[in-house]
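What follows is the content of data-v1.pdb (PDB, C-alpha atoms).
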```
ATOM      1  CA  HIS U  24     160.512  33.644 -70.308  1.00  0.00           C
ATOM      2  CA  PRO U  25     159.456  30.044 -69.764  1.00  0.00           C
ATOM      3  CA  ILE U  26     160.931  27.661 -72.315  1.00  0.00           C
ATOM      4  CA  PHE U  27     157.589  25.852 -72.658  1.00  0.00           C
ATOM      5  CA  TYR U  28     153.907  26.560 -72.280  1.00  0.00           C
ATOM      6  CA  LEU U  29     150.701  24.530 -72.265  1.00  0.00           C
ATOM      7  CA  ASN U  30     149.004  24.980 -75.607  1.00  0.00           C
ATOM      8  CA  MET U  31     145.335  24.153 -75.100  1.00  0.00           C
ATOM      9  CA  LEU U  32     144.781  24.424 -78.852  1.00  0.00           C
ATOM     10  CA  LEU U  33     146.616  21.105 -79.100  1.00  0.00           C
ATOM     11  CA  LEU U  34     143.684  19.415 -77.368  1.00  0.00           C
ATOM     12  CA  LEU U  35     141.305  20.211 -80.235  1.00  0.00           C
ATOM     13  CA  PRO U  36     143.445  21.453 -83.122  1.00  0.00           C
ATOM     14  CA  ALA U  37     141.726  23.430 -85.879  1.00  0.00           C
ATOM     15  CA  THR U  38     143.622  21.357 -88.454  1.00  0.00           C
ATOM     16  CA  ILE U  39     144.297  17.681 -87.832  1.00  0.00           C
ATOM     17  CA  THR U  40     147.732  16.593 -89.036  1.00  0.00           C
ATOM     18  CA  ASN U  41     150.295  13.899 -88.391  1.00  0.00           C
ATOM     19  CA  THR U  42     152.550  16.388 -86.589  1.00  0.00           C
ATOM     20  CA  TYR U  43     152.943  16.006 -82.834  1.00  0.00           C
ATOM     21  CA  LEU U  44     154.398  18.953 -80.899  1.00  0.00           C
ATOM     22  CA  GLY U  45     154.173  17.739 -77.309  1.00  0.00           C
ATOM     23  CA  ALA U  46     156.745  15.952 -75.169  1.00  0.00           C
ATOM     24  CA  PRO U  47     158.031  12.755 -76.854  1.00  0.00           C
ATOM     25  CA  ILE U  48     157.470  10.635 -73.716  1.00  0.00           C
ATOM     26  CA  ALA U  49     153.716  11.313 -73.907  1.00  0.00           C
ATOM     27  CA  LYS U  50     153.694   9.950 -77.447  1.00  0.00           C
ATOM     28  CA  TYR U  51     155.655   6.798 -76.569  1.00  0.00           C
ATOM     29  CA  ILE U  52     153.504   5.977 -73.548  1.00  0.00           C
ATOM     30  CA  PHE U  53     150.399   6.681 -75.655  1.00  0.00           C
ATOM     31  CA  VAL U  54     151.596   3.919 -78.000  1.00  0.00           C
ATOM     32  CA  ALA U  55     151.824   1.564 -75.003  1.00  0.00           C
ATOM     33  CA  MET U  56     148.309   2.551 -73.892  1.00  0.00           C
ATOM     34  CA  ALA U  57     147.002   1.878 -77.408  1.00  0.00           C
ATOM     35  CA  VAL U  58     148.525  -1.610 -77.343  1.00  0.00           C
ATOM     36  CA  LEU U  59     147.109  -2.211 -73.837  1.00  0.00           C
ATOM     37  CA  THR U  60     143.659  -1.034 -74.916  1.00  0.00           C
ATOM     38  CA  VAL U  61     143.540  -3.224 -78.020  1.00  0.00           C
ATOM     39  CA  GLY U  62     144.977  -6.187 -76.103  1.00  0.00           C
ATOM     40  CA  ARG U  63     142.508  -6.048 -73.227  1.00  0.00           C
ATOM     41  CA  SER U  64     139.631  -5.573 -75.672  1.00  0.00           C
ATOM     42  CA  LEU U  65     140.556  -8.785 -77.478  1.00  0.00           C
ATOM     43  CA  VAL U  66     140.789 -10.631 -74.158  1.00  0.00           C
ATOM     44  CA  HIS U  67     137.281  -9.489 -73.203  1.00  0.00           C
ATOM     45  CA  ILE U  68     135.887 -10.443 -76.594  1.00  0.00           C
ATOM     46  CA  PHE U  69     137.599 -13.795 -77.168  1.00  0.00           C
ATOM     47  CA  LEU U  70     138.366 -15.481 -73.833  1.00  0.00           C
ATOM     48  CA  PRO U  71     135.616 -17.978 -72.984  1.00  0.00           C
ATOM     49  CA  ASP U  72     134.818 -16.079 -69.774  1.00  0.00           C
ATOM     50  CA  GLY U  73     135.798 -12.700 -71.215  1.00  0.00           C
ATOM     51  CA  GLY U  74     138.448 -12.518 -68.511  1.00  0.00           C
ATOM     52  CA  ALA U  75     135.715 -12.019 -65.910  1.00  0.00           C
ATOM     53  CA  GLN U  76     136.836 -14.888 -63.661  1.00  0.00           C
ATOM     54  CA  THR U  77     140.268 -15.810 -65.035  1.00  0.00           C
ATOM     55  CA  ILE U  78     141.597 -12.242 -64.801  1.00  0.00           C
ATOM     56  CA  ALA U  79     139.171  -9.999 -62.903  1.00  0.00           C
ATOM     57  CA  THR U  80     138.351 -12.775 -60.387  1.00  0.00           C
ATOM     58  CA  PHE U  81     134.571 -12.397 -60.593  1.00  0.00           C
ATOM     59  CA  PRO U  82     133.212 -15.468 -58.761  1.00  0.00           C
ATOM     60  CA  LEU U  83     131.242 -16.637 -61.802  1.00  0.00           C
ATOM     61  CA  ASP U  84     131.102 -20.224 -60.539  1.00  0.00           C
ATOM     62  CA  ARG U  85     129.054 -18.989 -57.550  1.00  0.00           C
ATOM     63  CA  TYR U  86     126.386 -17.422 -59.762  1.00  0.00           C
ATOM     64  CA  PRO U  87     123.542 -19.095 -61.643  1.00  0.00           C
ATOM     65  CA  ASN U  88     124.532 -19.945 -65.241  1.00  0.00           C
ATOM     66  CA  GLU U  89     122.251 -17.238 -66.640  1.00  0.00           C
ATOM     67  CA  ALA U  90     123.913 -14.584 -64.469  1.00  0.00           C
ATOM     68  CA  SER U  91     127.416 -15.774 -65.389  1.00  0.00           C
ATOM     69  CA  ASP U  92     126.510 -15.819 -69.076  1.00  0.00           C
ATOM     70  CA  THR U  93     125.161 -12.267 -68.796  1.00  0.00           C
ATOM     71  CA  ILE U  94     128.367 -11.023 -67.161  1.00  0.00           C
ATOM     72  CA  ILE U  95     130.490 -12.745 -69.811  1.00  0.00           C
ATOM     73  CA  ALA U  96     128.362 -11.198 -72.574  1.00  0.00           C
ATOM     74  CA  MET U  97     128.708  -7.753 -70.965  1.00  0.00           C
ATOM     75  CA  PHE U  98     132.489  -8.211 -70.826  1.00  0.00           C
ATOM     76  CA  ALA U  99     132.511  -9.026 -74.558  1.00  0.00           C
ATOM     77  CA  GLN U 100     130.408  -5.949 -75.330  1.00  0.00           C
ATOM     78  CA  TRP U 101     132.706  -3.829 -73.163  1.00  0.00           C
ATOM     79  CA  GLY U 102     135.597  -5.358 -75.112  1.00  0.00           C
ATOM     80  CA  LEU U 103     134.048  -4.079 -78.332  1.00  0.00           C
ATOM     81  CA  THR U 104     133.948  -0.502 -76.999  1.00  0.00           C
ATOM     82  CA  GLN U 105     137.551  -0.899 -75.852  1.00  0.00           C
ATOM     83  CA  LEU U 106     138.476  -2.160 -79.320  1.00  0.00           C
ATOM     84  CA  MET U 107     136.854   0.884 -80.920  1.00  0.00           C
ATOM     85  CA  MET U 108     138.824   3.215 -78.648  1.00  0.00           C
ATOM     86  CA  GLY U 109     142.022   1.214 -79.136  1.00  0.00           C
ATOM     87  CA  LEU U 110     141.689   1.357 -82.911  1.00  0.00           C
ATOM     88  CA  PHE U 111     141.081   5.107 -82.661  1.00  0.00           C
ATOM     89  CA  TYR U 112     144.330   5.393 -80.674  1.00  0.00           C
ATOM     90  CA  VAL U 113     146.156   3.331 -83.315  1.00  0.00           C
ATOM     91  CA  LEU U 114     144.744   5.611 -86.024  1.00  0.00           C
ATOM     92  CA  VAL U 115     145.957   8.650 -84.076  1.00  0.00           C
ATOM     93  CA  ILE U 116     149.460   7.177 -83.825  1.00  0.00           C
ATOM     94  CA  TRP U 117     149.528   6.102 -87.449  1.00  0.00           C
ATOM     95  CA  ARG U 118     147.947   9.087 -89.185  1.00  0.00           C
ATOM     96  CA  TYR U 119     146.701  11.874 -86.864  1.00  0.00           C
ATOM     97  CA  GLN U 120     149.334  12.504 -84.199  1.00  0.00           C
ATOM     98  CA  SER U 121     148.099  16.051 -83.596  1.00  0.00           C
ATOM     99  CA  LEU U 122     145.266  14.305 -81.665  1.00  0.00           C
ATOM    100  CA  ILE U 123     147.525  12.602 -79.103  1.00  0.00           C
ATOM    101  CA  ALA U 124     146.536  15.131 -76.432  1.00  0.00           C
ATOM    102  CA  LEU U 125     142.857  14.409 -77.136  1.00  0.00           C
ATOM    103  CA  GLY U 126     143.640  10.699 -76.862  1.00  0.00           C
ATOM    104  CA  TRP U 127     145.156  11.284 -73.430  1.00  0.00           C
ATOM    105  CA  ALA U 128     142.061  13.286 -72.427  1.00  0.00           C
ATOM    106  CA  LEU U 129     139.864  10.343 -73.447  1.00  0.00           C
ATOM    107  CA  ILE U 130     142.041   7.904 -71.493  1.00  0.00           C
ATOM    108  CA  LEU U 131     141.863  10.205 -68.461  1.00  0.00           C
ATOM    109  CA  PHE U 132     138.073  10.415 -68.772  1.00  0.00           C
ATOM    110  CA  GLU U 133     137.588   6.650 -69.160  1.00  0.00           C
ATOM    111  CA  TRP U 134     139.851   5.511 -66.352  1.00  0.00           C
ATOM    112  CA  THR U 135     138.799   8.253 -63.910  1.00  0.00           C
ATOM    113  CA  GLY U 136     135.177   7.411 -64.676  1.00  0.00           C
ATOM    114  CA  ARG U 137     135.815   3.733 -63.996  1.00  0.00           C
ATOM    115  CA  LEU U 138     137.441   4.624 -60.672  1.00  0.00           C
ATOM    116  CA  LEU U 139     134.522   6.834 -59.607  1.00  0.00           C
ATOM    117  CA  ILE U 140     131.869   4.377 -60.749  1.00  0.00           C
ATOM    118  CA  GLY U 141     133.710   1.657 -58.809  1.00  0.00           C
ATOM    119  CA  PHE U 142     133.202   3.679 -55.618  1.00  0.00           C
ATOM    120  CA  TYR U 143     129.536   4.220 -56.402  1.00  0.00           C
ATOM    121  CA  LYS U 144     128.843   0.691 -57.655  1.00  0.00           C
ATOM    122  CA  PRO U 145     131.481  -1.679 -56.255  1.00  0.00           C
ATOM    123  CA  ILE U 146     131.945  -5.092 -57.848  1.00  0.00           C
ATOM    124  CA  GLU U 147     132.363  -8.332 -55.907  1.00  0.00           C
ATOM    125  CA  THR U 148     135.611 -10.087 -56.795  1.00  0.00           C
ATOM    126  CA  ILE U 149     137.662 -12.808 -55.122  1.00  0.00           C
ATOM    127  CA  GLU U 150     140.929 -10.845 -55.369  1.00  0.00           C
ATOM    128  CA  THR U 151     141.905  -7.350 -56.437  1.00  0.00           C
ATOM    129  CA  PRO U 152     141.668  -7.407 -60.241  1.00  0.00           C
ATOM    130  CA  PRO U 153     144.337  -5.737 -62.386  1.00  0.00           C
ATOM    131  CA  GLY U 154     141.770  -3.191 -63.593  1.00  0.00           C
ATOM    132  CA  ALA U 155     141.190  -1.969 -60.043  1.00  0.00           C
ATOM    133  CA  ILE U 156     144.896  -1.244 -59.679  1.00  0.00           C
ATOM    134  CA  GLY U 157     144.953   0.408 -63.100  1.00  0.00           C
ATOM    135  CA  ASN U 158     141.960   2.552 -62.120  1.00  0.00           C
ATOM    136  CA  VAL U 159     144.188   4.250 -59.551  1.00  0.00           C
ATOM    137  CA  ILE U 160     147.440   4.441 -61.547  1.00  0.00           C
ATOM    138  CA  VAL U 161     146.238   5.251 -65.075  1.00  0.00           C
ATOM    139  CA  PRO U 162     144.298   8.464 -64.253  1.00  0.00           C
ATOM    140  CA  ILE U 163     147.405   9.925 -62.606  1.00  0.00           C
ATOM    141  CA  LEU U 164     149.573   8.787 -65.511  1.00  0.00           C
ATOM    142  CA  ALA U 165     147.049  10.137 -68.040  1.00  0.00           C
ATOM    143  CA  LEU U 166     146.888  13.520 -66.312  1.00  0.00           C
ATOM    144  CA  VAL U 167     150.684  13.829 -66.376  1.00  0.00           C
ATOM    145  CA  MET U 168     150.867  12.628 -70.006  1.00  0.00           C
ATOM    146  CA  LEU U 169     148.060  14.991 -71.040  1.00  0.00           C
ATOM    147  CA  SER U 170     149.927  17.923 -69.556  1.00  0.00           C
ATOM    148  CA  LEU U 171     153.107  16.787 -71.337  1.00  0.00           C
ATOM    149  CA  ALA U 172     151.220  16.342 -74.622  1.00  0.00           C
ATOM    150  CA  LEU U 173     149.967  19.927 -74.278  1.00  0.00           C
ATOM    151  CA  ARG U 174     153.414  21.228 -73.369  1.00  0.00           C
ATOM    152  CA  VAL U 175     155.204  22.799 -76.281  1.00  0.00           C
ATOM    153  CA  ASP U 176     158.899  23.528 -76.367  1.00  0.00           C
ATOM    154  CA  LYS U 177     159.280  27.069 -77.703  1.00  0.00           C
ATOM    155  CA  LYS U 178     162.315  25.927 -79.687  1.00  0.00           C
ATOM    156  CA  GLN U 179     160.118  23.705 -81.852  1.00  0.00           C
ATOM    157  CA  PRO U 180     158.677  25.169 -85.068  1.00  0.00           C
TER     158      PRO U 180
END
```
Produce structure tokens that represent the structure in this file.
Amino acid sequence: HPIFYLNMLLLLPATITNTYLGAPIAKYIFVAMAVLTVGRSLVHIFLPDGGAQTIATFPLDRYPNEASDTIIAMFAQWGLTQLMMGLFYVLVIWRYQSLIALGWALILFEWTGRLLIGFYKPIETIETPPGAIGNVIVPILALVMLSLALRVDKKQP
């Protein structure tokens, strides 16, 4: 008799509640990912360069002004989608914790997709941006946290 099992019904629960049954560590790290997601979204929206050059090291000063402005605008729009996801994660933490596993699945999808798209459509940067490092680490972390969020201790109600 294993003391735990992966409950795939936790990924898309029939009833959404504020009860979380998975491993506590997956919940706590999900909180950190929510803060990271909201924080990076605000950087992309509000920094003058959207973080494109100051953080991601895009060589904006080498591009024509129109091209740089387009990249900065795209960063701000990307920041808005990140903000939407981040606020969804905050809502999950605050009111709908039975969706934490789904949140981890979305994080896994986003960051794995970014990694794969980066291979298919590489971006020119001056240095390795933090996102490129995260694109390798976060999918592994998200996969582990997703499995822990789906893991249910049989001792729990």
Which residues fall under the PyMOL selection byres ((chain U and resi 61) around 9) in this file, as a compact mmCIF listing (two decimals) with C-alpha atoms, keeping the file's coordinate frame?
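Generated file (expr31.txt):
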```txt
# COMPACT_ATOMS: atom_id res chain seq x y z
CA MET U 56 148.31 2.55 -73.89
CA ALA U 57 147.00 1.88 -77.41
CA VAL U 58 148.52 -1.61 -77.34
CA LEU U 59 147.11 -2.21 -73.84
CA THR U 60 143.66 -1.03 -74.92
CA GLY U 62 144.98 -6.19 -76.10
CA ARG U 63 142.51 -6.05 -73.23
CA SER U 64 139.63 -5.57 -75.67
CA LEU U 65 140.56 -8.78 -77.48
CA VAL U 66 140.79 -10.63 -74.16
CA GLY U 102 135.60 -5.36 -75.11
CA GLN U 105 137.55 -0.90 -75.85
CA LEU U 106 138.48 -2.16 -79.32
CA MET U 107 136.85 0.88 -80.92
CA MET U 108 138.82 3.22 -78.65
CA GLY U 109 142.02 1.21 -79.14
CA LEU U 110 141.69 1.36 -82.91
CA VAL U 113 146.16 3.33 -83.32
```
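Using only C-alpha atoms for every distance, the candidate list U:Trp117, U:Thr151, U:Lys50, U:Ile95 yields U:Ile95 as the residue closest to Gly73 (chain U).
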Go through U:Ile94, U:Ile68, U:Val54, U:Ile160 one by one, measure the shortest atom-to-atom distance of each to Leu114 (chain U) using all atoms listed in the file, and give the residue with the smallest value. U:Val54
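For the pair CA of Tyr119 (chain U) and CA of Ile52 (chain U), the interatomic distance is 16.1 Å.
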With 3 Å on each side, where is the centre of the axis-aligned box around all listed atoms of region 72-86 of chain U, and how long are its edges in Å to one decimal, as AutoDock Vina command-line options?
```
--center_x 134.0 --center_y -15.1 --center_z -64.4 --size_x 21.2 --size_y 16.2 --size_z 19.7
```
I would like the residues chosen by the PyMOL selection byres ((chain U and resi 166-172) around 9) on the shown file; could you give them as a PyMOL selection string? chain U and resi 29-30+33-34+43-50+52-53+123-128+131+161-165+173-175
Could you work out how far CA of Leu129 (chain U) lies from CA of Phe142 (chain U), giving the answer in Å with one decimal? 20.2 Å
Between U:Tyr86, U:Phe111, U:Tyr51, U:Phe69, which is the closest to Ile130 (chain U) once you count all atoms listed in the file?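 Among the listed residues, the smallest separation from Ile130 (chain U) belongs to U:Phe111.
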Could you write out as a list in words the residues that the PyMOL selection byres ((chain U and resi 91) around 12) matches in the shown file?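 Selected by the PyMOL selection byres ((chain U and resi 91) around 12) in this file: Pro71, Asp72, Gly73, Gly74, Ala75, Gln76, Phe81, Pro82, Leu83, Asp84, Arg85, Tyr86, Pro87, Asn88, Glu89, Ala90, Asp92, Thr93, Ile94, Ile95, Ala96, Met97 and Phe98 of chain U.
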When distances are computed from only C-alpha atoms, which of U:Asn41, U:Ile140, U:Gly154, U:Pro36 shows the smallest separation from Ile116 (chain U)?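 Closest residue, counting only C-alpha atoms: U:Asn41.
Taking CA of Arg137 (chain U) as the reference point, CA of Thr77 (chain U) is found at 20.1 Å.
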U:Ala55, U:Ala99, U:Leu35, U:Ala79: which is nearest Ala155 (chain U), counting only C-alpha atoms? U:Ala79
Taking all atoms listed in the file into account, which of U:Thr80, U:Ser121, U:Asn158, U:Thr148 comes nearest Glu133 (chain U)?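 Closest candidate: U:Asn158.
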